[in-house]
Amino acid sequence: MSELAIEINPQLNKEKVKTTCPYCGVGCGVVVSKKDQAHVDIQGDKQHPANLGSLCIKGKNLAETLDNNNRLKTPVINGEPQSWSRALDYVASKFNQTIEQEGKDAIAFYVSGQLLTEDYYVANKLMKGFIGSGNIDTNSRLCMSSAVAAHKRAFGEDIVPTSYADLLNAEVVILAGSNLAWCHPILFRRLREEKQRRPELKIIVIDPRVTACVELADLHLKIKPQGDLILFNGLLTYLTEQGYIDFEQVSHTTSGLIEALASAKLDNEKLADIGLSQQQLQAFFQYFTQHDKVVTVFSQGINQASQGSDQGNAIINCHLASNKIGRLGCGPFSMTGQPNAMGGREVGALANTLASHIEFDDNAMAAELAKFWQTENLATEAGLKAVELFEAIEQGKVKALWIMATNPVVSLPDHHKVKQALKKCPLVVVSDCVASNDTLEFADVILPAQTWGEKSGTVTNSERRISRQRPFLQPFAQAKADWWIISELAKRMGFAKQFNYQSAKDIFVEHAALSGISSSKATRARAFNISAYQNLTEQQYQQWLPMQWPQANAKQIRLSDQSIFSQQHYFHQDGKARFIAVQAEATDALLDDEFILNTGRNRDQWHTQTRSGKSATLTNRHAEPELSIHPNDAKALQIHQGSIILVENSLGKLLVRVKITAQQRAKEVFMPIHWSYSNNNQGSVSQLVVAKVDRISGQPAFKHARVKLTPVAIRSEAMLVVNKPLPNALANYQVEQKISGGYCYHIASKEAPQALYNKLCDYVQSHESIQATTTCLNASEPRKQYFRRTYLTEGLTEGKMQAAVLVGQKKHDLPHGWLSQFYQQAEQASAQRNIISSNSQAVQAKKTFCQCLNIAKEDIHQAIDSGELTLSDIRSKTGAGNGCGSCIGDIALLLNNRSEKFKEVS
Ligand SMILES: Nc1nc2c(c(=O)[nH]1)N[C@H]1C(S)=C(S)[C@@H](COP(=O)(O)OP(=O)(O)OC[C@H]3O[C@@H](n4cnc5c(=O)[nH]c(N)nc54)[C@H](O)[C@@H]3O)O[C@H]1N2
Ligand SMILES: Nc1nc2c(c(=O)[nH]1)N[C@H]1C(S)=C(S)[C@@H](COP(=O)(O)OP(=O)(O)OC[C@H]3O[C@@H](n4cnc5c(=O)[nH]c(N)nc54)[C@H](O)[C@@H]3O)O[C@H]1N2
Ligand code: SF4
Ligand SMILES: [Mo]
């Protein structure tokens, strides 16, 4: 067995292991079974309430991501491998020295929603409880912090009051700034099934782009970016003016309505300027008011804005005013992104909260917390929020930083500044599972962490449901659990007694007990309470069933959904909810040559691709990043489908491939976040995002950067298929795609095709193990400037595919996605010919559309061309979408330009 093969653990030898998907906040249960010592099978868990057995394309292909390529083997200090004890001693002494010399606020942790709750708990306890600083923040700052701020302001506590059952029992579901079809696919699938059962269920999408969500949309509001605050303020005014507010009833359980109404009214005249027609506005207001049960799902289109918190409150205001909250099928529903962003919020790992939903300003509870942790050094004030933190590092105020389970060089805005900060910081410690990513390059100390399948603990999903992640693999090399790493470090810093944990369960029960502490002088009661688990045994922890909080001590543990606001009791001191008076601020006018740059997610990739990028099935869908642009803008810029364009602003610049699509509004472009220097010589899109943050939450406005676009004279396009990754860029533009058995590079150059072809062939000949027995198959058409060569290990018929070089003038000449199966060709001779065939159209058409059932894009197009204009006809004719269902929304997107039904909603 190769040393990089995975090794299953003894548990999996005996039985199947139930765990939770490591990707999104839907929190689907999966069941893992053994295939052989180095392979597992992964299926959806039929008993898990989040997914009832279904998995989306990412979950379905998890087994493909389980390999130990690019894993860290040992701790490393300044480039040298070290033992754990040396590394921990080193970091502990450096941290203590920094605290002694520079003060406790000169040290900071930057953690992540991809940690388990137990890891998160000890990290927060060490920083806030024992180092005594508030300087721990999480990448949830980039993701959920505006929703957190909105919840706290409205409800008195960070509470998501809704469950998936609400979504499925609603009469109207509004998806505001949420691409649920791609980002929370199993929930979208459940919504689709519900709409099939109950066609009267109305779905409204509010998004400047046409997304795959239009498949289910009865109304699509193609809103101007940042128009949401005005829209929801408009709804609140409409509710008042049309007599939909029961002032008497609302005033019993809330305060601040009058001020919120007055403020909302001031936005009324701006309603004409958010890109929506009067009819669309009326339709939206009527859907909301004429149905009793409405759920508003909101996500990054709302949160990642300069008024993200206010936008969240504008949504909540409407639900409070119309009594659409605290009842089945109703409520504002902030969708969490990461698998455990919610767990991080529960332990208190955001810099402006203390722990376990205890706030810095609650002195009585802070005193109880100090007693509970047995510390005299509890932090007394909020620490630095992510963007401020990196600014403080750059200014030399923070001198030691520990990054865990996040890749800030890619994911923070303005990454040139982030890089400068990391370069300047005297000590950067990074705990990660992978051996290389853009952030690890700046680490002085690297600590190898266990990854999904190895680690053990709990996660909380979008609906407050706590599930177990259970291990089924032996930890690779010297990888350790994050909680273990943090606790061992804490012991060495002098806190042995308080960090003496033997297992994840020890930590979980402490976290559970902490959630139950109280004080008669506390400013308010806490909803977050899982103290029913404070005496959990190891066996009970192992047997854990997914459960929603709250679960208070002395009460029977309840497996059913926990409705939090059913009694209309909120968690401000007076038990009332608050309306927040919000008003849209003016934004700078767009200059003539400027575009709004919107950034977000693709269906088949996860963040910086450190896991999803390993699956050849997943990389197949979007091999390269693309900049989506409206046809009129493309025309004005004289650019064509698939050409390369320069995107720039004062912060940075990059080359990217163009996708011309009417899904975009004019003067707005969209680019995905999944590429970085690790797989793209242009780096990540966040280099173009200015570090402008929401003034309340500190969350960056990732969706609304400003850029200029310039066409670039590219003379040649190439695809290079090789076994090993390329160390350096060979041309102006170069993106790496992992394919089964090797790598495919998408290259564009200012050189002439012949010159690029010669260069790439030279590269292959000097770097891949080309033997005397290697056969080359060539096809050159100098007139068309189209050159192809494949390398076969030996002989034409029995040889294995080894490498391929294809160079043409236009991207469209090249075989595109089909090359991803290069190393899997069954019929060798015909495959070789296919690749060098000049009939690129035929080869292009083989691009897979439905990844599960391997149905070609050509088949879908043919079905559409033959006049099949309903989704279900196309599905039944081609079979597409009958596997995980992730591509159904994409068929809807293809149909979008053809069918009247879809034209109506867009
Ligand atoms: N496939 C996949 N799924 C994921 C992830 C992933 O990386 N890949 N990441 C997970 C994480 S951490 C998160 S946070 C979630 C994010 O999930 P989502 O928030 O659903 O995803 P995004 O693509 O970030 O943005 C959502 C939408 O907001 C729209 N938008 C932009 N500006 C505005 C605006 O001003 N108003 C409105 N109304 N809409 C606007 C964008 O066009 C986009 O379609 O996804 C999670 N799920
Ligand atoms: N432009 C733009 N930027 C964005 C966004 C956007 O929409 N637009 N979205 C933002 C949002 S919502 C988010 S959530 C962030 C996500 O951004 P990041 O958190 O930076 O992205 P990931 O790729 O998930 O990074 C996770 C890292 O943790 C490692 N890791 C995984 N599991 C473990 C573990 O158990 N232990 C340890 N120690 N390491 C582990 C992985 O190998 C990887 O290197 O990006 C943000 N940035
Ligand atoms: S919906 Fe989210 S949690 Fe469920 S399988 Fe897909 S990525 Fe995993
Ligand atoms: Mo996120």
# chains A, B, ... in the order shown; residues from 1 in each chain; ligands from 1

call {"tool": "residues_near_ligand", "arguments": {"ligand": "ligand 4", "cutoff": "9 Å", "atoms": "only C-alpha atoms and all ligand atoms", "output": "mmCIF file with C-alpha atoms, in the first residue's frame"}}
result
data_model
loop_
_atom_site.group_PDB
_atom_site.id
_atom_site.type_symbol
_atom_site.label_atom_id
_atom_site.label_comp_id
_atom_site.auth_asym_id
_atom_site.auth_seq_id
_atom_site.Cartn_x
_atom_site.Cartn_y
_atom_site.Cartn_z
ATOM 1 C CA CYS A 24 -21.868 23.156 4.131
ATOM 2 C CA GLY A 25 -24.107 24.221 6.979
ATOM 3 C CA GLY A 113 -16.039 27.388 11.207
ATOM 4 C CA ASN A 139 -13.551 33.308 9.601
ATOM 5 C CA SER A 140 -17.253 33.414 10.496
ATOM 6 C CA ARG A 141 -16.564 37.135 10.697
ATOM 7 C CA LEU A 142 -16.435 36.984 6.889
ATOM 8 C CA CYS A 143 -19.537 34.883 6.730
ATOM 9 C CA MET A 144 -22.115 35.105 9.499
ATOM 10 C CA GLN A 300 -24.137 36.230 1.835
ATOM 11 C CA THR A 336 -25.015 29.167 7.852
ATOM 12 C CA GLY A 337 -22.218 28.496 5.428
ATOM 13 C CA GLN A 338 -19.617 26.348 7.074
ATOM 14 C CA ALA A 341 -19.898 28.204 11.943
ATOM 15 C CA HIS A 607 -13.770 27.532 -0.786
#

call {"tool": "residues_near_ligand", "arguments": {"ligand": "ligand 1", "cutoff": "6 Å", "atoms": "only C-alpha atoms and all ligand atoms", "output": "PyMOL selection string"}}
result
chain A and resi 24+143+176-180+182-184+206-209+225-226+228+299-302+337-338+598+600-607+703

call {"tool": "residues_around", "arguments": {"residues": "His220 of chain A", "least_positions_apart": "2", "cutoff": "9 Å", "atoms": "only C-alpha atoms", "output": "ChimeraX atom specification"}}
result
/A:203-207,210,214,217-218,222-223,280,904-906

call {"tool": "select_by_dssp", "arguments": {"residues": "segment 343-589 of chain A", "states": "strand (DSSP E or B)", "output": "PyMOL selection string"}}
result
chain A and resi 355+358+400-404+427-432+434+445-449+457-460+465-469+473+480+547-548+577-578

call {"tool": "closest_atom_pairs", "arguments": {"of": "chain A", "to": "ligand 2", "cutoff": "6 Å", "atoms": "only C-alpha atoms and all ligand atoms", "output": "tab-separated table"}}
result
residue	atom	partner	partner_atom_place_in_ligand_line	distance
A:Gln114	CA	ligand 2	32 (N)	5.5
A:Leu115	CA	ligand 2	35 (O)	5.2
A:Asn139	CA	ligand 2	19 (O)	5.8
A:Ser140	CA	ligand 2	14 (S)	5.9
A:Leu142	CA	ligand 2	10 (C)	4.9
A:Cys143	CA	ligand 2	12 (S)	3.6
A:Gln338	CA	ligand 2	14 (S)	5.9
A:Met404	CA	ligand 2	38 (N)	4.7
A:Ala405	CA	ligand 2	28 (O)	3.1
A:Thr406	CA	ligand 2	27 (C)	3.6
A:Asn407	CA	ligand 2	20 (O)	3.4
A:Pro408	CA	ligand 2	20 (O)	4.7
A:Ser411	CA	ligand 2	47 (N)	3.7
A:Leu412	CA	ligand 2	47 (N)	5.5
A:Ser431	CA	ligand 2	38 (N)	4.3
A:Asp432	CA	ligand 2	39 (N)	3.7
A:Cys433	CA	ligand 2	42 (O)	5.0
A:Val434	CA	ligand 2	42 (O)	4.9
A:Ala449	CA	ligand 2	38 (N)	4.8
A:Gln450	CA	ligand 2	35 (O)	5.8
A:Thr451	CA	ligand 2	35 (O)	4.7
A:Asp482	CA	ligand 2	38 (N)	6.0
A:Thr599	CA	ligand 2	8 (N)	4.7
A:Gly600	CA	ligand 2	7 (O)	4.1
A:His607	CA	ligand 2	23 (O)	4.3
A:Thr608	CA	ligand 2	23 (O)	3.6
A:Gln609	CA	ligand 2	23 (O)	5.8
A:Thr610	CA	ligand 2	42 (O)	5.1
A:Ile673	CA	ligand 2	2 (C)	5.6
A:Val685	CA	ligand 2	1 (N)	5.8
A:Ser686	CA	ligand 2	1 (N)	4.3
A:Phe702	CA	ligand 2	8 (N)	4.8

call {"tool": "atom_distance", "arguments": {"atom1": "atom CA of Gln785 of chain A", "atom2": "atom CA of Gln682 of chain A"}}
result
26.0 Å

call {"tool": "closest_atom_pairs", "arguments": {"of": "segment 143-177 of chain A", "to": "segment 519-525 of chain A", "cutoff": "12 Å", "atoms": "only C-alpha atoms", "output": "Markdown table"}}
result
| residue | atom | partner | partner_atom | distance |
| --- | --- | --- | --- | --- |
| A:Phe155 | CA | A:Arg524 | CA | 11.4 |
| A:Gly156 | CA | A:Arg524 | CA | 8.5 |
| A:Glu157 | CA | A:Arg524 | CA | 9.5 |

call {"tool": "residues_near_ligand", "arguments": {"ligand": "ligand 3", "cutoff": "6 Å", "atoms": "only C-alpha atoms and all ligand atoms", "output": "MDAnalysis selection string"}}
result
chainID A and resid 21 23:28 55:56 58:59 184:186

call {"tool": "residues_around", "arguments": {"residues": "Leu792 of chain A", "least_positions_apart": "4", "cutoff": "6 Å", "atoms": "only C-alpha atoms", "output": "list in words"}}
result
Thr774, Thr775, Gly799, Lys800, Met801 and Gln802 of chain A

call {"tool": "closest_atom_pairs", "arguments": {"of": "segment 698-783 of chain A", "to": "segment 581-593 of chain A", "cutoff": "12 Å", "atoms": "only C-alpha atoms", "output": "tab-separated table"}}
result
residue	atom	partner	partner_atom	distance
A:His704	CA	A:Thr587	CA	10.6
A:Ala705	CA	A:Leu590	CA	10.7
A:Arg706	CA	A:Leu590	CA	8.1
A:Val707	CA	A:Asp593	CA	8.5
A:Lys708	CA	A:Asp593	CA	6.2
A:Leu709	CA	A:Asp593	CA	7.8
A:Thr710	CA	A:Asp593	CA	9.8

call {"tool": "select_by_dssp", "arguments": {"residues": "segment 10-53 of chain A", "states": "helix (DSSP H, G or I)", "output": "list of chain:residue names"}}
result
A:Pro10, A:Gln11, A:Leu12, A:Asn13, A:Lys14

call {"tool": "residues_around", "arguments": {"residues": "segment 259-264 of chain A", "least_positions_apart": "3", "cutoff": "12 Å", "atoms": "only C-alpha atoms", "output": "ChimeraX atom specification"}}
result
/A:154,229-241,245,247,254-256,267-271,310-311,313-318,320-321,578-585

call {"tool": "residues_around", "arguments": {"residues": "Pro700 of chain A", "least_positions_apart": "3", "cutoff": "9 Å", "atoms": "only C-alpha atoms", "output": "PyMOL selection string"}}
result
chain A and resi 141-143+303-306+308+387+412-413+689-694+697+703

call {"tool": "residues_around", "arguments": {"residues": "Gln771 of chain A", "least_positions_apart": "3", "cutoff": "12 Å", "atoms": "only C-alpha atoms", "output": "list of chain:residue names"}}
result
A:Val764, A:Gln765, A:Ser766, A:His767, A:Glu768, A:Thr774, A:Thr775, A:Cys776, A:Tyr791, A:Leu792, A:Thr793, A:Glu794, A:Gly795, A:Gln802

call {"tool": "write_last_selection", "arguments": {"atoms": "all heavy atoms", "output": "mmCIF file, in the first residue's frame"}}
result
data_model
loop_
_atom_site.group_PDB
_atom_site.id
_atom_site.type_symbol
_atom_site.label_atom_id
_atom_site.label_comp_id
_atom_site.auth_asym_id
_atom_site.auth_seq_id
_atom_site.Cartn_x
_atom_site.Cartn_y
_atom_site.Cartn_z
ATOM 1 N N VAL A 764 7.315 19.069 -21.381
ATOM 2 C CA VAL A 764 6.920 17.669 -21.136
ATOM 3 C C VAL A 764 8.136 16.766 -21.315
ATOM 4 O O VAL A 764 8.410 15.894 -20.492
ATOM 5 C CB VAL A 764 5.790 17.249 -22.099
ATOM 6 C CG1 VAL A 764 5.537 15.743 -22.011
ATOM 7 C CG2 VAL A 764 4.517 17.999 -21.772
ATOM 8 N N GLN A 765 8.888 17.013 -22.374
ATOM 9 C CA GLN A 765 10.025 16.140 -22.631
ATOM 10 C C GLN A 765 11.093 16.232 -21.557
ATOM 11 O O GLN A 765 11.758 15.268 -21.254
ATOM 12 C CB GLN A 765 10.590 16.413 -24.032
ATOM 13 C CG GLN A 765 9.889 15.527 -25.052
ATOM 14 C CD GLN A 765 9.582 16.219 -26.366
ATOM 15 O OE1 GLN A 765 8.436 16.336 -26.738
ATOM 16 N NE2 GLN A 765 10.620 16.707 -27.033
ATOM 17 N N SER A 766 11.219 17.367 -20.931
ATOM 18 C CA SER A 766 12.266 17.445 -19.907
ATOM 19 C C SER A 766 11.752 17.147 -18.500
ATOM 20 O O SER A 766 12.540 16.844 -17.621
ATOM 21 C CB SER A 766 12.948 18.815 -19.945
ATOM 22 O OG SER A 766 11.972 19.808 -19.795
ATOM 23 N N HIS A 767 10.458 17.202 -18.280
ATOM 24 C CA HIS A 767 9.977 17.005 -16.905
ATOM 25 C C HIS A 767 9.209 15.722 -16.669
ATOM 26 O O HIS A 767 9.237 15.175 -15.577
ATOM 27 C CB HIS A 767 9.095 18.180 -16.469
ATOM 28 C CG HIS A 767 9.881 19.402 -16.190
ATOM 29 N ND1 HIS A 767 10.340 20.219 -17.199
ATOM 30 C CD2 HIS A 767 10.315 19.945 -15.033
ATOM 31 C CE1 HIS A 767 11.016 21.216 -16.662
ATOM 32 N NE2 HIS A 767 11.023 21.075 -15.358
ATOM 33 N N GLU A 768 8.452 15.255 -17.615
ATOM 34 C CA GLU A 768 7.714 14.006 -17.410
ATOM 35 C C GLU A 768 8.694 12.894 -17.791
ATOM 36 O O GLU A 768 9.610 13.107 -18.576
ATOM 37 C CB GLU A 768 6.473 13.969 -18.304
ATOM 38 C CG GLU A 768 5.446 15.008 -17.932
ATOM 39 C CD GLU A 768 4.554 14.598 -16.763
ATOM 40 O OE1 GLU A 768 3.974 13.505 -16.813
ATOM 41 O OE2 GLU A 768 4.455 15.374 -15.788
ATOM 42 N N THR A 774 8.708 5.807 -25.453
ATOM 43 C CA THR A 774 7.512 6.654 -25.525
ATOM 44 C C THR A 774 7.130 6.924 -26.983
ATOM 45 O O THR A 774 7.991 7.214 -27.805
ATOM 46 C CB THR A 774 7.779 7.992 -24.805
ATOM 47 O OG1 THR A 774 8.030 7.704 -23.445
ATOM 48 C CG2 THR A 774 6.583 8.926 -24.924
ATOM 49 N N THR A 775 5.843 6.782 -27.233
ATOM 50 C CA THR A 775 5.361 7.074 -28.588
ATOM 51 C C THR A 775 4.680 8.431 -28.589
ATOM 52 O O THR A 775 3.934 8.748 -27.661
ATOM 53 C CB THR A 775 4.309 6.018 -28.993
ATOM 54 O OG1 THR A 775 4.890 4.752 -28.824
ATOM 55 C CG2 THR A 775 3.855 6.221 -30.417
ATOM 56 N N CYS A 776 4.928 9.199 -29.597
ATOM 57 C CA CYS A 776 4.230 10.478 -29.741
ATOM 58 C C CYS A 776 3.257 10.386 -30.897
ATOM 59 O O CYS A 776 3.588 9.844 -31.946
ATOM 60 C CB CYS A 776 5.200 11.598 -30.091
ATOM 61 S SG CYS A 776 6.226 12.062 -28.761
ATOM 62 N N TYR A 791 1.466 11.775 -25.708
ATOM 63 C CA TYR A 791 2.596 10.907 -25.381
ATOM 64 C C TYR A 791 2.026 9.633 -24.786
ATOM 65 O O TYR A 791 1.172 9.692 -23.888
ATOM 66 C CB TYR A 791 3.515 11.575 -24.358
ATOM 67 C CG TYR A 791 4.190 12.824 -24.857
ATOM 68 C CD1 TYR A 791 3.529 14.052 -24.839
ATOM 69 C CD2 TYR A 791 5.499 12.788 -25.341
ATOM 70 C CE1 TYR A 791 4.147 15.204 -25.300
ATOM 71 C CE2 TYR A 791 6.126 13.938 -25.796
ATOM 72 C CZ TYR A 791 5.448 15.148 -25.781
ATOM 73 O OH TYR A 791 6.069 16.289 -26.232
ATOM 74 N N LEU A 792 2.518 8.495 -25.302
ATOM 75 C CA LEU A 792 2.043 7.195 -24.802
ATOM 76 C C LEU A 792 3.242 6.438 -24.269
ATOM 77 O O LEU A 792 4.309 6.468 -24.898
ATOM 78 C CB LEU A 792 1.424 6.398 -25.948
ATOM 79 C CG LEU A 792 0.264 7.108 -26.625
ATOM 80 C CD1 LEU A 792 0.104 6.646 -28.040
ATOM 81 C CD2 LEU A 792 -0.992 6.870 -25.830
ATOM 82 N N THR A 793 3.072 5.780 -23.126
ATOM 83 C CA THR A 793 4.241 5.149 -22.503
ATOM 84 C C THR A 793 4.973 4.226 -23.470
ATOM 85 O O THR A 793 6.172 4.279 -23.585
ATOM 86 C CB THR A 793 3.855 4.360 -21.245
ATOM 87 O OG1 THR A 793 2.703 3.611 -21.555
ATOM 88 C CG2 THR A 793 3.626 5.275 -20.071
ATOM 89 N N GLU A 794 4.256 3.357 -24.144
ATOM 90 C CA GLU A 794 4.920 2.550 -25.170
ATOM 91 C C GLU A 794 3.915 2.070 -26.202
ATOM 92 O O GLU A 794 2.812 1.661 -25.844
ATOM 93 C CB GLU A 794 5.654 1.356 -24.554
ATOM 94 C CG GLU A 794 4.851 0.668 -23.488
ATOM 95 C CD GLU A 794 5.705 -0.203 -22.599
ATOM 96 O OE1 GLU A 794 6.596 0.335 -21.910
ATOM 97 O OE2 GLU A 794 5.472 -1.402 -22.629
ATOM 98 N N GLY A 795 4.298 2.166 -27.427
ATOM 99 C CA GLY A 795 3.486 1.625 -28.525
ATOM 100 C C GLY A 795 2.158 2.336 -28.659
ATOM 101 O O GLY A 795 1.670 2.963 -27.725
ATOM 102 N N GLN A 802 0.188 9.217 -21.385
ATOM 103 C CA GLN A 802 1.164 9.763 -20.445
ATOM 104 C C GLN A 802 1.068 11.283 -20.317
ATOM 105 O O GLN A 802 1.109 11.821 -19.216
ATOM 106 C CB GLN A 802 2.560 9.379 -20.908
ATOM 107 C CG GLN A 802 3.600 9.660 -19.862
ATOM 108 C CD GLN A 802 4.955 9.137 -20.272
ATOM 109 O OE1 GLN A 802 5.097 8.505 -21.318
ATOM 110 N NE2 GLN A 802 5.947 9.388 -19.463
#

call {"tool": "closest_residue", "arguments": {"among": "A:Ile696, A:Leu72, A:Ala165, A:Ile57", "to": "Arg621 of chain A", "atoms": "only C-alpha atoms"}}
result
A:Ile57
